Amino acid sequence: MAAGGFCKLPNGTVVVALNLPSPAAPEGGVAAPGGVRFLVHAQNRARALTRLRNLGLRAVYLRGNAAPPTPDEITAVLHHPDGLIWRTAPVAGAVGGPDLVQELWHPIRALLRRPTAQA
């Protein structure tokens with residue numbers, strides 16, 4: 001099940017954050033450590049989930065508010081023109097330090113981009 005949450009903004013819109021398992025799961029079906037964190041800005045929670053489902057993430061549901069977006073994440077998604085960004089989720093239990101560089105946010109089209117065939 002995906003961990004996630006939402007935050008309602010003063011203008012009535014919402015920012016939904018979802019942690020999904022890594023799409024590169026081994027043969028046994030157990031996902032690799034970490035995963036992908038999606039942030040979606042929409043009019044309401046239903047529309048945010050519909051945006052993800054229209055991109056091919058069919059089994060995406062938001063149950064509860066266990067992992068709401070942080071203020072930094074809200075700022076990042078509000079300043080992006082598409083209102084839909086992602087990055088790899090941090091591994092649970094990892095302690096941040098000077099050696100741990102946080103990944104930047106990517107637009108959704110970078111995730112959906114298909115590799116080009118080389119001649």
# chains A, B, ... in the order shown; residues from 1 in each chain; ligands from 1

call {"tool": "residues_around", "arguments": {"residues": "Leu84 (chain A)", "least_positions_apart": "2", "cutoff": "10 Å", "atoms": "only C-alpha atoms", "output": "CSV table (one decimal) with C-alpha atoms, in the first residue's frame"}}
result
chain,number,residue,atom,x,y,z
A,15,VAL,CA,-1.2,19.1,-2.5
A,16,VAL,CA,-1.1,15.3,-2.3
A,17,ALA,CA,2.1,13.4,-1.6
A,38,PHE,CA,5.0,11.9,-6.1
A,39,LEU,CA,3.6,15.4,-5.4
A,40,VAL,CA,0.5,16.5,-7.1
A,41,HIS,CA,-1.2,19.9,-6.9
A,42,ALA,CA,-4.9,19.8,-7.8
A,48,ALA,CA,-5.0,14.6,-7.8
A,51,ARG,CA,-4.1,12.8,-12.6
A,52,LEU,CA,-1.8,10.0,-11.5
A,76,ALA,CA,8.4,22.9,-4.9
A,77,VAL,CA,5.1,21.6,-6.4
A,78,LEU,CA,3.5,25.1,-6.4
A,80,HIS,CA,6.4,23.9,-11.0
A,81,PRO,CA,4.3,24.7,-14.1
A,82,ASP,CA,2.8,21.1,-14.4
A,86,TRP,CA,8.6,13.2,-8.3
A,105,TRP,CA,12.6,17.1,-8.0
A,106,HIS,CA,11.9,15.9,-11.5
A,107,PRO,CA,9.0,16.8,-13.8
A,108,ILE,CA,6.7,13.8,-14.5
A,109,ARG,CA,7.7,13.8,-18.2

call {"tool": "atom_distance", "arguments": {"atom1": "CA of Arg58 (chain A)", "atom2": "CA of Leu18 (chain A)"}}
result
13.4 Å

call {"tool": "closest_residue", "arguments": {"among": "A:Ala46, A:Cys7, A:Val60, A:Leu111", "to": "Thr88 (chain A)", "atoms": "only C-alpha atoms"}}
result
A:Leu111

call {"tool": "closest_residue", "arguments": {"among": "A:Arg87, A:Arg63, A:Arg45, A:Arg37", "to": "Leu9 (chain A)", "atoms": "only C-alpha atoms"}}
result
A:Arg45

call {"tool": "atom_distance", "arguments": {"atom1": "CA of Gly56 (chain A)", "atom2": "CA of Asn11 (chain A)"}}
result
28.7 Å

call {"tool": "atom_distance", "arguments": {"atom1": "CA of Thr13 (chain A)", "atom2": "CA of Gly83 (chain A)"}}
result
11.5 Å
